[in-house]
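Shown here: data37.cif, mmCIF, C-alpha atoms.
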data_coords
#
loop_
_atom_site.label_atom_id
_atom_site.label_comp_id
_atom_site.auth_asym_id
_atom_site.auth_seq_id
_atom_site.Cartn_x
_atom_site.Cartn_y
_atom_site.Cartn_z
CA MET A 915 53.47 -26.99 75.15
CA GLY A 916 52.48 -29.16 72.21
CA ILE A 917 51.73 -32.13 74.48
CA ILE A 918 50.36 -32.16 78.03
CA VAL A 919 49.92 -35.36 80.00
CA VAL A 920 46.95 -35.28 82.39
CA SER A 921 47.19 -37.54 85.44
CA GLY A 922 45.17 -37.88 88.60
CA THR A 923 46.22 -38.62 92.13
CA GLY A 924 43.66 -41.42 91.94
CA THR A 925 40.57 -42.49 90.03
CA GLU A 926 37.16 -40.83 89.61
CA ILE A 927 38.42 -37.38 90.59
CA GLY A 928 37.64 -35.36 87.47
CA LYS A 929 40.49 -35.99 85.00
CA THR A 930 38.18 -36.14 82.00
CA VAL A 931 36.38 -32.90 82.84
CA VAL A 932 39.68 -31.15 83.52
CA THR A 933 41.04 -32.42 80.21
CA ALA A 934 37.90 -31.14 78.50
CA ALA A 935 38.25 -27.72 80.13
CA VAL A 936 41.88 -27.40 79.01
CA ALA A 937 40.85 -28.46 75.52
CA ALA A 938 37.92 -26.03 75.42
CA VAL A 939 40.12 -23.08 76.33
CA ALA A 940 42.66 -24.04 73.69
CA VAL A 941 39.97 -24.48 71.03
CA ALA A 942 38.51 -21.08 71.91
CA ALA A 943 41.98 -19.60 71.35
CA GLY A 944 42.02 -21.02 67.84
CA ARG A 945 44.26 -24.02 68.49
CA SER A 946 43.61 -27.46 67.01
CA VAL A 947 43.40 -30.02 69.82
CA ALA A 948 43.58 -33.80 69.97
CA VAL A 949 42.95 -35.94 73.03
CA LEU A 950 44.56 -39.33 73.43
CA LYS A 951 43.38 -42.00 75.86
CA PRO A 952 46.00 -44.75 75.64
CA ALA A 953 43.92 -47.29 77.55
CA GLN A 954 40.20 -47.00 78.24
CA THR A 955 38.94 -49.45 80.83
CA GLY A 956 35.50 -50.31 82.13
CA LEU A 957 33.59 -49.81 78.88
CA THR A 958 32.40 -51.97 76.03
CA ALA A 959 33.24 -51.14 72.43
CA ARG A 960 29.93 -49.35 71.83
CA GLU A 961 29.99 -47.11 74.90
CA HIS A 962 30.99 -43.45 75.00
CA GLY A 963 34.61 -43.19 76.19
CA ASP A 964 36.56 -40.51 78.04
CA ALA A 965 38.23 -39.18 74.89
CA ASP A 966 34.83 -38.98 73.18
CA GLU A 967 33.50 -37.01 76.14
CA VAL A 968 36.37 -34.53 75.98
CA VAL A 969 35.62 -33.89 72.30
CA ARG A 970 31.89 -33.55 72.97
CA LEU A 971 32.35 -31.00 75.74
CA SER A 972 35.25 -29.04 74.31
CA GLY A 973 34.87 -29.11 70.55
CA ALA A 974 38.36 -30.55 70.17
CA LYS A 975 39.24 -31.74 66.69
CA THR A 976 40.26 -35.34 67.34
CA SER A 977 39.92 -38.15 69.86
CA ALA A 978 41.94 -41.34 69.86
CA GLU A 979 42.04 -44.55 71.88
CA LEU A 980 44.71 -47.20 71.54
CA ALA A 981 42.87 -49.96 73.40
CA ARG A 982 39.64 -50.56 75.27
CA TYR A 983 39.13 -53.18 77.95
CA PRO A 984 35.70 -54.06 79.36
CA GLU A 985 36.48 -54.39 83.07
CA PRO A 986 37.02 -51.29 85.29
CA LEU A 987 40.52 -52.21 86.40
CA ALA A 988 44.08 -50.97 85.97
CA PRO A 989 45.03 -51.21 82.28
CA ASP A 990 47.56 -54.02 82.79
CA THR A 991 45.08 -56.09 84.82
CA ALA A 992 42.17 -55.34 82.48
CA ALA A 993 44.21 -56.32 79.42
CA ARG A 994 45.41 -59.56 81.02
CA ARG A 995 41.93 -60.61 82.11
CA ALA A 996 40.50 -59.81 78.68
CA GLY A 997 43.23 -61.75 76.90
CA MET A 998 44.16 -58.62 74.99
CA ALA A 999 47.46 -56.91 74.29
CA PRO A 1000 48.39 -54.12 76.71
CA VAL A 1001 49.41 -50.63 75.64
CA GLY A 1002 52.99 -49.91 76.65
CA PRO A 1003 54.50 -46.45 77.18
CA GLU A 1004 56.40 -46.54 73.88
CA ARG A 1005 53.24 -47.09 71.87
CA ALA A 1006 51.38 -44.37 73.77
CA ALA A 1007 54.23 -41.90 73.30
CA GLY A 1008 54.44 -42.72 69.60
CA ALA A 1009 50.74 -42.10 69.14
CA ALA A 1010 51.01 -38.75 70.94
CA ARG A 1011 53.91 -37.68 68.74
CA ALA A 1012 51.96 -38.60 65.62
CA LEU A 1013 48.97 -36.53 66.75
CA ALA A 1014 51.27 -33.62 67.61
CA GLU A 1015 52.39 -33.46 63.98
CA GLU A 1016 48.85 -32.50 62.95
CA HIS A 1017 47.53 -30.61 66.00
CA ASP A 1018 48.65 -27.61 68.02
CA LEU A 1019 47.95 -29.34 71.33
CA VAL A 1020 47.71 -33.00 72.31
CA LEU A 1021 46.24 -33.94 75.70
CA VAL A 1022 47.15 -37.43 76.91
CA GLU A 1023 44.70 -38.55 79.59
CA GLY A 1024 45.83 -41.34 81.88
CA ALA A 1025 43.84 -44.02 83.67
CA GLY A 1026 43.71 -43.65 87.44
CA GLY A 1027 46.88 -42.38 89.08
CA LEU A 1028 50.35 -41.67 87.78
CA LEU A 1029 51.90 -45.07 88.56
CA VAL A 1030 49.05 -47.37 87.54
CA ARG A 1031 50.57 -50.15 85.45
CA PHE A 1032 49.98 -50.06 81.71
CA ASP A 1033 51.68 -53.36 80.89
CA GLU A 1034 53.37 -56.42 82.38
CA ASP A 1035 56.73 -54.63 82.37
CA GLY A 1036 55.41 -52.05 84.80
CA GLY A 1037 55.20 -49.15 82.34
CA THR A 1038 53.21 -46.18 83.59
CA LEU A 1039 51.89 -42.79 82.53
CA ALA A 1040 55.00 -41.28 84.13
CA ASP A 1041 57.05 -43.25 81.61
CA VAL A 1042 54.92 -41.89 78.77
CA ALA A 1043 55.57 -38.32 79.95
CA GLY A 1044 59.27 -39.06 80.28
CA LEU A 1045 59.51 -40.45 76.75
CA LEU A 1046 57.70 -37.40 75.40
CA GLY A 1047 59.53 -34.84 77.52
CA ALA A 1048 56.05 -33.50 78.25
CA PRO A 1049 54.81 -31.80 81.42
CA VAL A 1050 52.22 -33.47 83.63
CA LEU A 1051 49.10 -31.67 84.84
CA VAL A 1052 47.97 -33.28 88.09
CA VAL A 1053 44.28 -33.49 88.92
CA ALA A 1054 43.50 -33.79 92.62
CA PRO A 1055 40.36 -33.96 94.75
CA ALA A 1056 39.50 -31.05 96.99
CA GLY A 1057 39.05 -32.62 100.39
CA LEU A 1058 40.68 -34.49 103.24
CA GLY A 1059 43.45 -36.88 102.18
CA THR A 1060 44.39 -35.09 98.99
CA LEU A 1061 47.61 -33.57 100.33
CA ASN A 1062 49.35 -36.90 100.84
CA SER A 1063 48.40 -38.32 97.43
CA THR A 1064 49.36 -35.05 95.75
CA ALA A 1065 52.73 -34.96 97.50
CA LEU A 1066 53.41 -38.59 96.56
CA THR A 1067 52.55 -37.89 92.92
CA ALA A 1068 54.83 -34.86 92.89
CA GLU A 1069 57.66 -36.85 94.46
CA ALA A 1070 57.28 -39.58 91.85
CA LEU A 1071 57.49 -37.00 89.06
CA ARG A 1072 60.57 -35.32 90.54
CA SER A 1073 62.35 -38.65 91.01
CA ARG A 1074 61.88 -39.32 87.29
CA GLY A 1075 62.89 -35.86 86.18
CA VAL A 1076 59.42 -35.17 84.77
CA GLU A 1077 58.06 -31.62 84.92
CA GLN A 1078 54.89 -31.03 86.88
CA LEU A 1079 52.92 -28.26 85.21
CA GLY A 1080 50.69 -27.70 88.22
CA VAL A 1081 47.61 -28.96 90.05
CA VAL A 1082 43.92 -28.54 89.24
CA VAL A 1083 41.14 -29.41 91.65
CA GLY A 1084 39.00 -31.79 89.64
CA SER A 1085 35.70 -31.10 91.40
CA TRP A 1086 35.33 -28.07 93.63
CA PRO A 1087 32.28 -28.56 95.90
CA THR A 1088 29.48 -26.06 96.09
CA ALA A 1089 29.69 -26.25 99.90
CA PRO A 1090 33.36 -26.94 100.69
CA ASP A 1091 34.29 -28.11 104.16
CA LEU A 1092 37.21 -26.80 106.21
CA ALA A 1093 39.69 -29.29 104.75
CA ALA A 1094 38.83 -28.31 101.18
CA LEU A 1095 39.13 -24.61 101.99
CA CYS A 1096 42.51 -25.04 103.68
CA ASN A 1097 43.70 -27.17 100.78
CA LEU A 1098 43.49 -24.17 98.46
CA THR A 1099 46.60 -22.95 100.30
CA ASP A 1100 48.14 -26.32 101.10
CA LEU A 1101 47.81 -28.12 97.75
CA PRO A 1102 50.48 -26.08 95.94
CA ARG A 1103 52.76 -26.53 98.95
CA ALA A 1104 52.27 -30.28 98.87
CA ALA A 1105 52.80 -30.39 95.12
CA GLY A 1106 55.67 -27.95 94.93
CA ALA A 1107 53.81 -26.57 91.92
CA PRO A 1108 51.13 -23.92 91.35
CA LEU A 1109 47.41 -24.39 91.74
CA LEU A 1110 46.13 -23.87 88.20
CA GLY A 1111 42.39 -24.17 88.57
CA ALA A 1112 39.32 -25.46 90.33
CA ILE A 1113 36.56 -27.07 88.29
CA PRO A 1114 33.10 -26.66 89.87
CA GLU A 1115 31.44 -29.96 90.67
CA GLY A 1116 28.80 -31.09 88.21
CA VAL A 1117 29.93 -29.05 85.21
CA GLY A 1118 30.41 -32.20 83.17
CA GLY A 1119 26.62 -32.23 82.94
CA LEU A 1120 26.45 -28.84 81.21
CA GLU A 1121 25.55 -28.50 77.58
CA PRO A 1122 28.73 -28.20 75.50
CA ALA A 1123 28.15 -24.54 74.61
CA ALA A 1124 27.77 -23.58 78.26
CA PHE A 1125 30.80 -25.67 79.25
CA ARG A 1126 32.98 -24.01 76.62
CA ALA A 1127 31.81 -20.52 77.53
CA ALA A 1128 32.68 -21.00 81.21
CA ALA A 1129 35.94 -22.97 80.92
CA THR A 1130 38.21 -19.91 81.03
CA ASP A 1131 36.78 -19.07 84.47
CA TRP A 1132 38.03 -22.39 85.86
CA LEU A 1133 41.65 -22.42 84.68
CA ALA A 1134 44.64 -20.19 85.34
CA PRO A 1135 46.46 -18.18 82.64
CA ALA A 1136 49.16 -20.89 82.41
CA LEU A 1137 46.41 -23.07 80.92
CA GLY A 1138 44.90 -20.27 78.85
CA GLY A 1139 42.19 -19.23 81.30
CA GLU A 1140 41.48 -16.31 83.60
CA TRP A 1141 41.16 -18.04 87.00
CA ASP A 1142 43.27 -16.53 89.79
CA ALA A 1143 44.26 -18.75 92.71
CA ALA A 1144 44.79 -15.89 95.17
CA ALA A 1145 41.48 -14.23 94.33
CA PHE A 1146 39.62 -17.55 94.48
CA THR A 1147 41.12 -18.39 97.87
CA HIS A 1148 40.40 -14.91 99.21
CA ALA A 1149 36.80 -15.12 98.01
CA TRP A 1150 36.29 -18.14 100.26
CA GLY A 1151 37.69 -16.23 103.25
CA ILE A 1152 40.84 -18.30 103.66
CA ARG A 1153 44.10 -16.72 104.76
CA PRO A 1154 47.39 -18.23 103.54
#
If you convert what's in this file into structure tokens, what do you get?
Amino acid sequence: MGIIVVSGTGTEIGKTVVTAAVAAVAVAAGRSVAVLKPAQTGLTAREHGDADEVVRLSGAKTSAELARYPEPLAPDTAARRAGMAPVGPERAAGAARALAEEHDLVLVEGAGGLLVRFDEDGGTLADVAGLLGAPVLVVAPAGLGTLNSTALTAEALRSRGVEQLGVVVGSWPTAPDLAALCNLTDLPRAAGAPLLGAIPEGVGGLEPAAFRAAATDWLAPALGGEWDAAAFTHAWGIRP
């Protein structure tokens, strides 16, 4: 897997921290890693972006952005309002391929959910994955409502013939409610793909060394870690 596309079922659900964890595990295994953020929204030119944060936490080799728009909106809308050129799927895929020539792993982090518009032609992150032939890692929230959005994301991927690598819970609460606990069993059913990790809430605030040291405990072997879905679910006292 030279390229992995990281998408969320929505916004503000932990995509950047999940991307950083995947990168940290790969770096620890001796792989060179680049992270690509095709369109960064909601930040000015001088602010610290998502790709920068992944590099800071993980120790990845390279970060890249193709465009930055100041308003916190969908990339197409943000570009239009700023009077700036949008980033289409072809450009994003080309940038990922170029990075893959010089790195062992490229992580392409989307903005918001899978079908958020990148440009006026309706291009999306799903199109980027399709052009690359790359699998998509879906980041989902833990609690009530996540099953529907996860199932819709999975259906959109299947309809486009794009592989879903699996699902990671972007922020696992320290005191999960009943819905979150049951979702440990139900999320992979909704996705039709394995549960590949659960990132504890708040770990984005750790010092980089501590983040990197713990990342293998949050991700399954398919992502290079040691996390076990069955053991994690059993530890919380949930039966399948």
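Distance annotation: of A:Ala1014, A:Ala935, A:Ile1152, A:Ala1068, the residue with the minimal separation from Gly1084 of chain A is A:Ala935; atom set is only C-alpha atoms.
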request  = Just say which residues the PyMOL selection byres ((chain A and resi 1005) around 12) picks in this file, as an NGL selection string.
outcome  = :A and (950-953 or 979-981 or 999-1004 or 1006-1012 or 1032-1033 or 1037-1039 or 1041-1042 or 1045-1046)
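With all atoms listed in the file as the basis for measurement, A:Val939 is the residue among A:Leu1021, A:Ala978, A:Leu1061, A:Val939 that approaches Trp1141 of chain A most closely.
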message = Please expand the PyMOL selection byres ((chain A and resi 1093-1103) around 9) into the concrete residues it hits in this file, giving the result as a PyMOL selection string.
response = chain A and resi 1054-1061+1064-1065+1080-1081+1083+1086-1087+1090-1092+1104-1109+1143-1144+1146-1147+1150-1154
ask   = How many Å lie between atom CA of Glu1023 of chain A and atom CA of Thr930 of chain A, rounded to one decimal?
value = 7.4 Å
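The smallest atom-to-atom distance between Leu971 of chain A and any of A:Val1050, A:Ala1089, A:Ile1113, A:Ala1127, using only C-alpha atoms, is found for A:Ala1127.
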task = Name the residues that the PyMOL selection byres ((chain A and resi 1116-1121) around 10) picks from the file above, as a PyMOL selection string, using the file's chain letters and numbers.
result = chain A and resi 928+930-932+934-935+967-968+970-971+1085-1088+1113-1115+1122-1126+1128-1129
key: Which of A:Trp1132, A:Thr923, A:Ser977, A:Glu985 sits closest to Val1030 of chain A [using all atoms listed in the file]   = A:Thr923
key: Pairwise distance for atom CA of Leu1133 of chain A and atom CA of Val1052 of chain A, rounded to one decimal in Å   = 13.0 Å
message = One decimal, in Å: what's the spacing between atom CA of Thr991 of chain A and atom CA of Glu1034 of chain A?
response =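 Between atom CA of Thr991 of chain A and atom CA of Glu1034 of chain A the gap is 8.6 Å.
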key: Closest of A:Ala996, A:Tyr983, A:Val941, A:Asp1018 to Arg960 of chain A - atom-to-atom distances counting all atoms listed in the file   = A:Tyr983
Nearest to Leu1051 of chain A by atom-to-atom distance, counting only C-alpha atoms, from A:Pro986, A:Gly1139, A:Gly1024, A:Gly944 =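 Looking only at the distances to Leu1051 of chain A, the closest residue turns out to be A:Gly1024.
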task = Can you pull out every residue within 7 Å of Ala1043 of chain A, counting all atoms listed in the file, but drop anything in the same chain fewer than 5 positions away, and send it as a PyMOL selection string?
result = chain A and resi 919+1048-1050+1076
